[in-house]
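Visitor: This is the content of coords.txt (compact mmCIF, C-alpha atoms and all ligand atoms):
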```txt
# COMPACT_ATOMS: atom_id res chain seq x y z
CA MET A 725 -12.36 44.81 13.07
CA PRO A 726 -10.92 42.85 15.99
CA ARG A 727 -10.47 39.12 15.71
CA PRO A 728 -13.93 37.61 16.13
CA ILE A 729 -13.16 35.60 19.25
CA GLN A 730 -14.97 36.61 22.41
CA ALA A 731 -15.86 35.23 25.82
CA LEU A 732 -19.18 35.98 27.47
CA ILE A 733 -19.81 35.82 31.20
CA HIS A 734 -23.43 35.11 32.06
CA VAL A 735 -24.04 36.85 35.36
CA ALA A 736 -27.65 35.74 35.80
CA ALA A 737 -26.41 32.16 35.54
CA LEU A 738 -23.82 32.81 38.25
CA SER A 739 -26.53 34.08 40.58
CA HIS A 740 -28.77 31.16 39.73
CA ASN A 741 -25.99 28.67 40.47
CA LEU A 742 -25.15 30.35 43.76
CA ALA A 743 -28.83 30.15 44.71
CA ARG A 744 -28.71 26.43 43.95
CA ALA A 745 -25.90 26.00 46.46
CA ARG A 746 -27.91 28.02 48.97
CA ALA A 747 -30.97 25.82 48.45
CA LEU A 748 -28.95 22.63 48.87
CA ALA A 749 -27.25 23.85 52.04
CA PRO A 750 -29.93 26.02 53.61
CA ASP A 751 -28.52 25.87 57.12
CA ALA A 752 -24.94 26.60 56.17
CA ARG A 753 -23.15 29.79 55.44
CA LEU A 754 -21.80 29.89 51.96
CA TRP A 755 -18.24 30.55 50.87
CA SER A 756 -18.17 31.59 47.25
CA VAL A 757 -14.84 30.22 46.03
CA VAL A 758 -13.33 32.77 43.66
CA LYS A 759 -9.73 31.56 43.51
CA ALA A 760 -7.90 31.61 40.18
CA ASP A 761 -9.60 34.89 39.35
CA ALA A 762 -13.03 33.37 39.83
CA TYR A 763 -12.11 30.25 37.84
CA GLY A 764 -11.05 32.43 34.93
CA HIS A 765 -14.18 34.58 34.89
CA GLY A 766 -12.61 37.64 36.54
CA ILE A 767 -13.35 38.58 40.13
CA GLU A 768 -14.59 42.04 39.22
CA ARG A 769 -16.95 40.58 36.63
CA VAL A 770 -18.56 38.04 38.94
CA PHE A 771 -18.60 40.05 42.14
CA ASP A 772 -22.08 41.53 41.89
CA ALA A 773 -23.62 38.24 40.85
CA LEU A 774 -22.04 36.39 43.76
CA ARG A 775 -22.23 38.96 46.52
CA ALA A 776 -25.22 37.18 48.04
CA ALA A 777 -22.63 34.72 49.41
CA ASP A 778 -21.62 34.98 53.07
CA GLY A 779 -17.97 35.25 52.22
CA PHE A 780 -15.38 34.75 49.50
CA ALA A 781 -12.68 32.11 49.60
CA LEU A 782 -9.49 32.32 47.54
CA LEU A 783 -5.79 31.90 48.01
CA ASP A 784 -3.99 34.78 46.37
CA LEU A 785 -3.45 37.83 48.57
CA ALA A 786 -3.63 40.17 45.61
CA GLU A 787 -7.07 38.77 44.79
CA ALA A 788 -8.14 39.37 48.38
CA GLN A 789 -7.04 42.97 47.98
CA ARG A 790 -9.10 43.25 44.81
CA LEU A 791 -12.19 42.11 46.72
CA ARG A 792 -11.61 44.71 49.41
CA ALA A 793 -11.13 47.29 46.65
CA LEU A 794 -14.63 46.35 45.45
CA ASP A 795 -15.74 47.38 48.92
CA TRP A 796 -16.51 43.84 50.09
CA ARG A 797 -16.46 44.16 53.87
CA GLY A 798 -17.57 40.62 54.66
CA PRO A 799 -15.44 37.55 55.34
CA ILE A 800 -12.58 36.58 53.04
CA LEU A 801 -10.82 33.27 53.64
CA LEU A 802 -7.33 32.41 52.41
CA LEU A 803 -7.65 28.72 51.58
CA GLU A 804 -3.93 27.98 51.79
CA GLY A 805 -3.29 30.40 54.61
CA VAL A 806 -0.27 32.68 54.54
CA PHE A 807 2.88 31.91 52.61
CA GLU A 808 5.28 33.98 54.70
CA PRO A 809 5.14 35.92 57.99
CA ARG A 810 4.68 39.26 56.23
CA ASP A 811 1.36 38.09 54.81
CA LEU A 812 -0.05 38.20 58.32
CA GLU A 813 0.27 41.97 58.26
CA LEU A 814 -2.04 42.11 55.28
CA CYS A 815 -4.43 39.75 57.07
CA SER A 816 -4.52 42.16 60.00
CA ARG A 817 -4.92 45.20 57.78
CA LEU A 818 -7.65 43.74 55.55
CA GLY A 819 -9.32 41.56 58.15
CA LEU A 820 -8.64 38.36 56.23
CA TRP A 821 -9.42 35.00 57.76
CA HIS A 822 -6.87 32.34 57.00
CA VAL A 823 -6.37 28.62 56.97
CA VAL A 824 -3.70 27.21 59.25
CA HIS A 825 -2.48 23.91 57.88
CA CYS A 826 1.02 23.45 59.34
CA GLU A 827 3.07 24.16 62.47
CA GLN A 828 5.12 26.80 60.71
CA GLN A 829 2.04 28.94 60.17
CA ILE A 830 1.36 28.72 63.91
CA ASP A 831 4.96 29.78 64.62
CA TRP A 832 4.54 32.81 62.37
CA LEU A 833 1.26 33.72 64.06
CA SER A 834 2.83 33.45 67.49
CA ARG A 835 5.37 36.14 66.53
CA HIS A 836 2.89 38.37 64.72
CA LYS A 837 2.07 41.73 66.28
CA THR A 838 -1.57 42.62 65.86
CA HIS A 839 -4.25 44.53 67.70
CA GLU A 840 -7.04 42.47 66.21
CA PRO A 841 -6.86 38.72 66.79
CA HIS A 842 -7.34 36.64 63.65
CA ARG A 843 -10.10 34.25 62.76
CA VAL A 844 -8.46 31.04 61.60
CA PHE A 845 -9.61 27.81 59.97
CA LEU A 846 -7.60 24.85 61.25
CA LYS A 847 -7.18 22.44 58.39
CA ILE A 848 -7.30 18.74 59.12
CA ASN A 849 -5.89 16.22 56.71
CA SER A 850 -8.61 13.59 56.70
CA GLY A 851 -7.13 11.55 53.87
CA MET A 852 -6.35 13.73 50.88
CA ASN A 853 -2.76 14.17 52.05
CA ARG A 854 -2.29 17.56 50.50
CA LEU A 855 -2.62 20.15 53.27
CA GLY A 856 -3.49 19.91 56.91
CA PHE A 857 -2.67 18.41 60.27
CA THR A 858 -2.99 14.66 60.63
CA PRO A 859 -5.93 13.56 62.80
CA THR A 860 -3.51 12.79 65.63
CA ALA A 861 -1.84 16.22 65.40
CA ALA A 862 -5.08 18.18 65.10
CA ARG A 863 -5.79 18.49 68.78
CA GLY A 864 -2.29 19.71 69.59
CA ALA A 865 -2.50 22.32 66.85
CA TRP A 866 -5.85 23.50 68.17
CA VAL A 867 -4.49 23.79 71.73
CA ARG A 868 -1.48 25.76 70.46
CA LEU A 869 -3.64 28.11 68.43
CA ASN A 870 -6.13 28.54 71.23
CA ALA A 871 -3.37 29.73 73.55
CA LEU A 872 -2.26 32.52 71.20
CA PRO A 873 -3.45 36.06 71.84
CA GLN A 874 -3.18 36.59 68.07
CA VAL A 875 -6.00 34.10 67.48
CA ASP A 876 -9.69 34.77 67.83
CA GLU A 877 -12.16 32.05 66.85
CA ILE A 878 -10.88 28.72 65.53
CA SER A 879 -12.95 26.90 62.93
CA LEU A 880 -12.28 23.39 61.73
CA MET A 881 -12.10 22.33 58.14
CA THR A 882 -11.12 19.53 55.82
CA HIS A 883 -11.25 18.91 52.08
CA PHE A 884 -12.60 15.88 50.23
CA SER A 885 -10.67 14.05 47.55
CA ASP A 886 -13.53 11.92 46.21
CA ALA A 887 -16.79 13.74 46.79
CA ASP A 888 -17.38 13.52 43.02
CA GLY A 889 -16.82 9.79 42.72
CA PRO A 890 -17.63 6.32 43.98
CA ARG A 891 -15.11 6.40 46.85
CA GLY A 892 -17.21 9.10 48.44
CA ILE A 893 -16.67 11.00 51.65
CA ALA A 894 -17.65 8.68 54.48
CA HIS A 895 -14.09 7.66 55.36
CA GLN A 896 -12.95 11.28 55.46
CA VAL A 897 -15.95 12.46 57.45
CA GLN A 898 -15.23 9.70 59.95
CA ALA A 899 -11.55 10.69 60.22
CA PHE A 900 -12.52 14.35 60.62
CA ASP A 901 -15.14 13.61 63.26
CA ALA A 902 -12.76 11.41 65.22
CA ALA A 903 -10.06 14.07 65.18
CA THR A 904 -12.36 16.92 66.17
CA ALA A 905 -15.06 15.31 68.33
CA ASP A 906 -14.22 17.23 71.48
CA LEU A 907 -13.12 20.47 69.84
CA PRO A 908 -15.44 23.45 69.68
CA GLY A 909 -15.73 25.68 66.64
CA GLU A 910 -17.53 25.96 63.36
CA ARG A 911 -17.04 23.29 60.71
CA SER A 912 -16.43 23.56 56.98
CA LEU A 913 -16.25 20.42 54.90
CA SER A 914 -18.23 20.46 51.67
CA ASN A 915 -16.95 21.50 48.25
CA SER A 916 -19.24 21.63 45.21
CA ALA A 917 -19.35 17.90 44.70
CA ALA A 918 -20.26 17.32 48.34
CA ILE A 919 -22.90 20.07 48.28
CA LEU A 920 -24.53 18.42 45.28
CA ARG A 921 -24.00 14.74 45.98
CA HIS A 922 -23.97 14.62 49.77
CA PRO A 923 -26.48 17.28 50.79
CA ALA A 924 -27.25 15.59 54.10
CA LEU A 925 -23.87 16.85 55.28
CA SER A 926 -25.08 20.43 54.89
CA VAL A 927 -28.43 20.09 56.59
CA GLY A 928 -28.95 21.00 60.22
CA ARG A 929 -29.97 18.56 62.90
CA SER A 930 -33.58 18.58 63.99
CA ASP A 931 -32.68 20.74 66.99
CA GLY A 932 -31.48 23.37 64.55
CA ALA A 933 -27.77 22.96 65.13
CA VAL A 934 -25.56 22.41 62.12
CA THR A 935 -23.05 19.75 62.90
CA ARG A 936 -20.69 19.54 59.99
CA SER A 937 -21.45 22.36 57.64
CA ASP A 938 -21.53 25.69 59.33
CA TRP A 939 -19.80 26.76 56.12
CA VAL A 940 -19.89 25.11 52.71
CA ARG A 941 -17.41 25.99 49.98
CA ALA A 942 -19.03 26.33 46.57
CA GLY A 943 -16.54 26.50 43.73
CA ILE A 944 -17.11 24.89 40.37
CA LEU A 945 -20.87 24.58 40.71
CA GLN A 946 -21.12 28.37 40.64
CA TYR A 947 -19.47 28.35 37.24
CA GLY A 948 -21.88 25.86 35.72
CA CYS A 949 -19.80 22.71 35.56
CA ALA A 950 -20.90 19.36 36.93
CA PRO A 951 -18.13 18.14 39.24
CA ASP A 952 -19.17 14.56 38.60
CA PHE A 953 -19.56 14.73 34.81
CA PRO A 954 -20.25 12.46 32.96
CA ALA A 955 -22.17 10.64 35.72
CA HIS A 956 -24.30 13.79 35.89
CA ASP A 957 -24.47 16.88 33.73
CA ILE A 958 -25.40 20.42 34.71
CA ALA A 959 -28.99 19.92 33.57
CA HIS A 960 -29.28 17.16 36.17
CA TRP A 961 -28.03 19.52 38.87
CA ASP A 962 -30.07 22.46 37.54
CA LEU A 963 -26.97 24.57 36.97
CA ARG A 964 -26.50 27.01 34.12
CA PRO A 965 -23.43 27.70 32.02
CA THR A 966 -21.66 30.88 33.05
CA MET A 967 -19.02 31.16 30.35
CA THR A 968 -19.34 31.06 26.59
CA LEU A 969 -16.34 31.03 24.28
CA ARG A 970 -17.31 31.92 20.78
CA SER A 971 -15.65 32.90 17.57
CA ALA A 972 -16.32 32.70 13.84
CA LEU A 973 -15.20 31.00 10.68
CA ILE A 974 -12.53 33.01 8.94
CA ALA A 975 -12.01 30.60 6.01
CA THR A 976 -13.35 27.43 4.48
CA GLN A 977 -11.47 24.74 2.56
CA GLN A 978 -12.66 22.03 0.21
CA LEU A 979 -10.58 18.90 0.74
CA GLN A 980 -10.33 16.13 -1.82
CA PRO A 981 -9.86 12.54 -0.66
CA GLY A 982 -6.31 12.10 0.60
CA GLU A 983 -5.76 15.79 1.39
CA ARG A 984 -4.81 16.78 4.91
CA VAL A 985 -5.38 19.68 7.23
CA GLY A 986 -3.23 21.42 9.84
CA TYR A 987 0.19 20.83 11.39
CA GLY A 988 1.45 17.31 11.01
CA GLY A 989 -1.38 16.56 8.59
CA THR A 990 -2.96 14.32 11.18
CA HIS A 991 -6.37 14.52 9.56
CA VAL A 992 -6.72 12.95 6.13
CA ALA A 993 -9.96 13.44 4.19
CA GLU A 994 -11.48 10.11 3.22
CA ARG A 995 -14.05 11.73 0.94
CA PRO A 996 -14.61 15.26 -0.36
CA GLN A 997 -14.87 17.24 2.84
CA ARG A 998 -15.61 20.88 3.58
CA ILE A 999 -13.56 22.30 6.42
CA GLY A 1000 -14.08 25.50 8.39
CA ILE A 1001 -11.19 27.43 9.92
CA VAL A 1002 -12.07 28.99 13.27
CA ALA A 1003 -10.34 32.00 14.80
CA CYS A 1004 -9.55 30.21 18.06
CA GLY A 1005 -6.42 28.37 19.10
CA TYR A 1006 -4.42 27.36 22.11
CA ALA A 1007 -3.20 30.93 22.64
CA ASP A 1008 -6.84 31.75 23.38
CA GLY A 1009 -7.04 29.00 25.96
CA TYR A 1010 -8.54 26.30 23.77
CA PRO A 1011 -6.80 23.05 24.73
CA ARG A 1012 -4.14 22.03 22.21
CA HIS A 1013 -4.53 18.42 23.25
CA ALA A 1014 -8.22 18.36 22.19
CA PRO A 1015 -8.18 15.58 19.63
CA GLY A 1016 -10.03 15.50 16.34
CA GLY A 1017 -13.67 14.77 17.11
CA THR A 1018 -14.00 17.33 19.89
CA PRO A 1019 -17.47 18.91 19.67
CA VAL A 1020 -17.99 22.47 18.38
CA LEU A 1021 -21.16 24.31 17.32
CA VAL A 1022 -21.19 26.04 13.92
CA ASP A 1023 -24.26 28.25 13.54
CA GLY A 1024 -25.64 26.27 16.47
CA ARG A 1025 -25.13 22.91 14.75
CA ARG A 1026 -22.99 20.28 16.30
CA CYS A 1027 -19.77 19.67 14.38
CA THR A 1028 -16.40 18.28 15.37
CA THR A 1029 -12.80 19.44 15.17
CA VAL A 1030 -10.33 17.88 12.76
CA GLY A 1031 -6.55 17.79 12.98
CA ARG A 1032 -4.36 19.63 15.45
CA VAL A 1033 -5.27 22.81 17.26
CA SER A 1034 -2.84 25.58 16.28
CA MET A 1035 -1.93 28.70 18.23
CA ASP A 1036 -4.58 30.92 16.62
CA MET A 1037 -6.84 28.58 14.66
CA LEU A 1038 -8.52 25.26 14.63
CA ALA A 1039 -10.33 23.32 11.92
CA VAL A 1040 -13.80 21.82 11.93
CA ASP A 1041 -15.62 19.39 9.68
CA LEU A 1042 -18.52 21.34 8.18
CA THR A 1043 -20.42 18.28 6.94
CA PRO A 1044 -23.24 18.78 9.50
CA ALA A 1045 -23.42 22.53 8.69
CA PRO A 1046 -23.36 22.81 4.89
CA GLN A 1047 -24.70 26.37 4.94
CA ALA A 1048 -21.76 27.59 7.02
CA ALA A 1049 -19.60 30.32 5.50
CA ILE A 1050 -17.01 32.87 6.50
CA GLY A 1051 -18.50 34.76 9.45
CA SER A 1052 -20.58 31.88 10.74
CA THR A 1053 -20.72 31.84 14.52
CA VAL A 1054 -18.69 29.11 16.16
CA THR A 1055 -19.38 28.17 19.77
CA LEU A 1056 -16.42 26.49 21.42
CA TRP A 1057 -18.39 26.04 24.65
CA GLY A 1058 -21.39 27.58 26.35
CA GLU A 1059 -24.45 29.20 24.80
CA GLY A 1060 -24.84 29.13 21.03
CA PRO A 1061 -27.35 30.81 18.74
CA GLN A 1062 -31.07 29.93 18.89
CA GLY A 1063 -30.88 28.28 22.26
CA SER A 1064 -28.18 25.83 21.26
CA ARG A 1065 -25.71 24.78 23.93
CA LEU A 1066 -22.39 23.04 24.15
CA PRO A 1067 -21.60 22.09 27.74
CA ILE A 1068 -18.00 22.89 28.64
CA ASP A 1069 -17.91 19.55 30.45
CA GLU A 1070 -18.29 17.76 27.10
CA VAL A 1071 -15.47 19.69 25.50
CA ALA A 1072 -13.28 19.11 28.54
CA GLN A 1073 -13.99 15.41 28.52
CA ALA A 1074 -13.12 15.13 24.83
CA ALA A 1075 -9.85 16.92 25.58
CA GLY A 1076 -9.05 14.67 28.54
CA THR A 1077 -9.47 17.38 31.13
CA ILE A 1078 -12.14 19.04 33.26
CA GLY A 1079 -14.17 22.20 32.84
CA TYR A 1080 -12.20 23.84 35.64
CA GLU A 1081 -9.02 23.79 33.58
CA LEU A 1082 -10.64 25.16 30.43
CA MET A 1083 -12.22 28.09 32.25
CA CYS A 1084 -9.07 28.91 34.19
CA ALA A 1085 -7.03 28.80 30.98
CA LEU A 1086 -9.06 31.44 29.14
CA ALA A 1087 -6.32 33.65 27.74
CA ARG A 1088 -5.91 37.32 28.43
CA ARG A 1089 -6.02 38.18 24.76
CA VAL A 1090 -9.66 37.07 24.54
CA PRO A 1091 -12.01 40.04 24.98
CA VAL A 1092 -14.63 39.37 27.64
CA SER A 1093 -18.16 40.76 27.79
CA VAL A 1094 -20.46 40.51 30.76
CA VAL A 1095 -23.97 39.72 29.59
C1 LIG B 1101 -11.01 25.00 45.32
C2 LIG B 1101 -11.47 24.61 46.65
C3 LIG B 1101 -12.83 24.43 46.89
C4 LIG B 1101 -13.86 24.49 45.80
O1 LIG B 1101 -13.82 23.29 45.08
P1 LIG B 1101 -14.90 23.00 43.94
O2 LIG B 1101 -14.63 21.60 43.53
O3 LIG B 1101 -14.59 23.96 42.84
O4 LIG B 1101 -16.20 23.24 44.54
C5 LIG B 1101 -13.24 24.16 48.18
N1 LIG B 1101 -12.34 24.04 49.17
C6 LIG B 1101 -11.02 24.19 48.98
C7 LIG B 1101 -10.08 24.04 50.12
C8 LIG B 1101 -10.53 24.47 47.71
O5 LIG B 1101 -9.23 24.62 47.52
```
Spell out the structure here as structure tokens.
Ligand SMILES: *Cc1c(COP(=O)(O)O)cnc(C)c1O

Guide:
Amino acid sequence: MPRPIQALIHVAALSHNLARARALAPDARLWSVVKADAYGHGIERVFDALRAADGFALLDLAEAQRLRALDWRGPILLLEGVFEPRDLELCSRLGLWHVVHCEQQIDWLSRHKTHEPHRVFLKINSGMNRLGFTPTAARGAWVRLNALPQVDEISLMTHFSDADGPRGIAHQVQAFDAATADLPGERSLSNSAAILRHPALSVGRSDGAVTRSDWVRAGILQYGCAPDFPAHDIAHWDLRPTMTLRSALIATQQLQPGERVGYGGTHVAERPQRIGIVACGYADGYPRHAPGGTPVLVDGRRCTTVGRVSMDMLAVDLTPAPQAAIGSTVTLWGEGPQGSRLPIDEVAQAAGTIGYELMCALARRVPVSVV
């Protein structure tokens, strides 16, 4: 028998979540962001559920090739653009659209030999200071691109740093608008948090024209995490969990007061305490830095971890699940038995991280089933 750990990908939930983005941004076209192998879910596994999108956005050229191999003929956008001049050949061959965020990428394009001009997304740095042309440089970059025979349509985009929080997006929208006011082209601004929290940005004007969201970029919301957890959870946003990580108890221990469990003996029993040992550790992608007290479901009942997470195992306090025994189902996150649920956002928060990181870290050794 294989080790009992398993990940489940819930494809109906993926489709539901994508439809939520569609409903919130009805006038926009929808990029389904599938970078990082679809946030750890596997591009091939999610493709059918997400193919109602208008295009796929990612940043790894090999992943773009995998989408074309699935026979996706629609738009694919490289969110970081090309990394070296040679990449432009693949863009020409596969018809990839790409972000242009720096002068060097324009230099490369100007020397690229292609029959088909490229669709590019000019990235404006409206305040995140990661990628993109400053507002003052944006116009010059647009003029340069527009003069190139290698370039077809130029769209304009920016990325928000605080769409999930109190700082919001107004200052960045203002910077973007100021930098692009007199430039033509489609606009792409919203990520998941902006789609959910700032839907007005994605709605067309009364005359039918969409001003700032010809394209929205839905990432994490597709995968059933709330970008602004704990202010809101996925139930609030009507999103469904798309990944379950589950395993089973492979041993139980009866601790006497003063006895310890795990490396470093960081957990000390204060009373007689029954402990379950779960076949899941950091080599499966469970965060090692999850402290004791991180929630776990055992047979659908909420328990908590104790002690340190090891490579292949972790320990849980079975006090809330006295019936639990070897073989009992353990839900690390996602859907548990009998309708029980453990939101990945809660586990991530306990571990001092975000759902994104947990999903992306799912290890290759974990068998995955699409359900
Ligand atoms: C990852 C990414 C997104 C999606 O972000 P989410 O928070 O997952 O919705 C959108 N735009 C860009 C440029 C990205 O890199």

Visitor: Restricting the calculation to all atoms listed in the file, which member of A:Arg941, A:Arg863, A:His734, A:Arg984 is positioned closest to Val757 in chain A?

Guide: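 Closest candidate: A:Arg941.
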
Visitor: Do you know which residues are within 7 Å of ligand LIG 1101 (chain B) using all atoms listed in the file? Can you write them as an mmCIF file with C-alpha atoms, in the coordinates of the input?

Guide:
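result03.cif, written as the output of this step:
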```
data_model
loop_
_atom_site.group_PDB
_atom_site.id
_atom_site.type_symbol
_atom_site.label_atom_id
_atom_site.label_comp_id
_atom_site.auth_asym_id
_atom_site.auth_seq_id
_atom_site.Cartn_x
_atom_site.Cartn_y
_atom_site.Cartn_z
ATOM 1 C CA VAL A 757 -14.840 30.220 46.030
ATOM 2 C CA LYS A 759 -9.730 31.560 43.510
ATOM 3 C CA LEU A 803 -7.650 28.720 51.580
ATOM 4 C CA HIS A 883 -11.250 18.910 52.080
ATOM 5 C CA ASN A 915 -16.950 21.500 48.250
ATOM 6 C CA SER A 916 -19.240 21.630 45.210
ATOM 7 C CA ALA A 917 -19.350 17.900 44.700
ATOM 8 C CA ARG A 941 -17.410 25.990 49.980
ATOM 9 C CA ALA A 942 -19.030 26.330 46.570
ATOM 10 C CA GLY A 943 -16.540 26.500 43.730
ATOM 11 C CA ILE A 944 -17.110 24.890 40.370
ATOM 12 C CA LEU A 945 -20.870 24.580 40.710
ATOM 13 C CA PRO A 951 -18.130 18.140 39.240
#
```

Visitor: List as a list of chain:residue names the residues having at least one atom at most 6 Å from position (-18.4, 12.9, 40.7) as given in the file, counting all atoms listed in the file.

Guide: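 Those residues, ordered by chain and then number, are A:Asp888, A:Gly889, A:Pro951, A:Asp952.
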
Visitor: Dump as an NGL selection string all residues having an atom at most 10 Å from (-13.8, 13.3, 59.5), computed in the file's coordinates with all atoms listed in the file.

Guide: :A and (848-851 or 859 or 881-884 or 893-905 or 913 or 936)

Visitor: Interatomic distance between CA of Ala1072 in chain A and CA of Ala1007 in chain A?

Guide: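 A separation of 16.6 Å between them.
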
Visitor: What is the distance between CA of Asp1023 in chain A and CA of Val1094 in chain A, in Å to one decimal?

Guide: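 Separation of CA of Asp1023 in chain A and CA of Val1094 in chain A: 21.5 Å.
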
Visitor: Write out as a ChimeraX atom specification the residues lying within 8 Å of range 873-878 of chain A, counting only C-alpha atoms and excluding same-chain residues fewer than 5 positions away.

Guide: /A:833-834,836-838,840-846,866,909-910

Visitor: If you measure from CA of Val867 in chain A to CA of Asp778 in chain A, what distance in Å do you get, rounded to one decimal?

Guide: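 A separation of 27.7 Å between them.
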
Visitor: Residues at most 12 Å from Leu748 in chain A, counting all atoms listed in the file, excluding those fewer than 2 positions away in the same chain, as a tab-separated table (two decimals) with C-alpha atoms, in the frame of the given file?

Guide:
```
chain	number	residue	atom	x	y	z
A	741	ASN	CA	-25.99	28.67	40.47
A	742	LEU	CA	-25.15	30.35	43.76
A	743	ALA	CA	-28.83	30.15	44.71
A	744	ARG	CA	-28.71	26.43	43.95
A	745	ALA	CA	-25.90	26.00	46.46
A	746	ARG	CA	-27.91	28.02	48.97
A	750	PRO	CA	-29.93	26.02	53.61
A	751	ASP	CA	-28.52	25.87	57.12
A	752	ALA	CA	-24.94	26.60	56.17
A	753	ARG	CA	-23.15	29.79	55.44
A	754	LEU	CA	-21.80	29.89	51.96
A	914	SER	CA	-18.23	20.46	51.67
A	916	SER	CA	-19.24	21.63	45.21
A	917	ALA	CA	-19.35	17.90	44.70
A	918	ALA	CA	-20.26	17.32	48.34
A	919	ILE	CA	-22.90	20.07	48.28
A	920	LEU	CA	-24.53	18.42	45.28
A	921	ARG	CA	-24.00	14.74	45.98
A	922	HIS	CA	-23.97	14.62	49.77
A	923	PRO	CA	-26.48	17.28	50.79
A	924	ALA	CA	-27.25	15.59	54.10
A	925	LEU	CA	-23.87	16.85	55.28
A	926	SER	CA	-25.08	20.43	54.89
A	927	VAL	CA	-28.43	20.09	56.59
A	928	GLY	CA	-28.95	21.00	60.22
A	937	SER	CA	-21.45	22.36	57.64
A	940	VAL	CA	-19.89	25.11	52.71
A	942	ALA	CA	-19.03	26.33	46.57
A	945	LEU	CA	-20.87	24.58	40.71
A	961	TRP	CA	-28.03	19.52	38.87
A	962	ASP	CA	-30.07	22.46	37.54
```

Visitor: List the spatial neighbours of Ile1068 in chain A as a list in words - criterion: any atom at most 7 Å away, only C-alpha atoms, same-chain residues fewer than 5 positions off excluded.

Guide: Trp1057, Gly1058 and Gly1079 of chain A

Visitor: Which residue gives the smallest distance to Pro1046 in chain A among A:Arg998, A:His825, A:Arg792, A:Lys847, with all atoms listed in the file counted?

Guide: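 Distance minimum relative to Pro1046 in chain A lands on A:Arg998.
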
Visitor: Taking into account only C-alpha atoms, which residue in the set A:Val1090, A:Val735, A:Ala760, A:Leu1066 is nearest to Ile958 in chain A?

Guide: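 Residue with the minimum atom-to-atom distance to Ile958 in chain A: A:Leu1066.
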
Visitor: Find the residues near Gly1005 in chain A: any atom within 9 Å, counting only C-alpha atoms, skip ones fewer than 6 places away on the same chain, and give them as a PyMOL selection string.

Guide: chain A and resi 1011-1012+1033-1038

Visitor: Out of A:Gly989, A:Phe953, A:Leu1042, A:Pro965, which residue has the shortest atom-to-atom distance to Gln977 in chain A when counting all atoms listed in the file?

Guide: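 The shortest atom-to-atom distance to Gln977 in chain A comes from A:Leu1042.
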
Visitor: If I only want range 801-810 of chain A, can you write it with N, CA, C and O atoms, as a compact mmCIF listing (two decimals), in the first residue's frame?

Guide:
```txt
# COMPACT_ATOMS: atom_id res chain seq x y z
N LEU A 801 -0.34 34.92 -22.19
CA LEU A 801 0.44 36.11 -21.86
C LEU A 801 1.59 35.74 -20.92
O LEU A 801 1.36 35.12 -19.88
N LEU A 802 2.79 36.17 -21.28
CA LEU A 802 3.95 35.99 -20.40
C LEU A 802 4.04 37.20 -19.49
O LEU A 802 4.36 38.32 -19.93
N LEU A 803 3.77 36.99 -18.21
CA LEU A 803 3.60 38.12 -17.28
C LEU A 803 4.90 38.84 -16.95
O LEU A 803 4.87 39.98 -16.48
N GLU A 804 6.03 38.20 -17.16
CA GLU A 804 7.30 38.90 -16.96
C GLU A 804 7.99 39.17 -18.28
O GLU A 804 9.15 39.62 -18.30
N GLY A 805 7.31 38.86 -19.36
CA GLY A 805 7.91 39.05 -20.68
C GLY A 805 9.02 38.04 -20.92
O GLY A 805 9.11 37.02 -20.23
N VAL A 806 9.88 38.36 -21.86
CA VAL A 806 10.96 37.42 -22.21
C VAL A 806 12.18 37.69 -21.35
O VAL A 806 12.41 38.82 -20.88
N PHE A 807 12.97 36.66 -21.16
CA PHE A 807 14.15 36.74 -20.30
C PHE A 807 15.44 36.90 -21.11
O PHE A 807 16.46 37.31 -20.58
N GLU A 808 15.37 36.52 -22.37
CA GLU A 808 16.52 36.71 -23.26
C GLU A 808 15.99 36.78 -24.68
O GLU A 808 14.87 36.34 -24.97
N PRO A 809 16.82 37.31 -25.61
CA PRO A 809 16.32 37.53 -26.98
C PRO A 809 15.77 36.27 -27.63
O PRO A 809 14.76 36.33 -28.35
N ARG A 810 16.41 35.14 -27.36
CA ARG A 810 15.95 33.88 -27.97
C ARG A 810 14.49 33.55 -27.66
O ARG A 810 13.82 32.88 -28.44
```
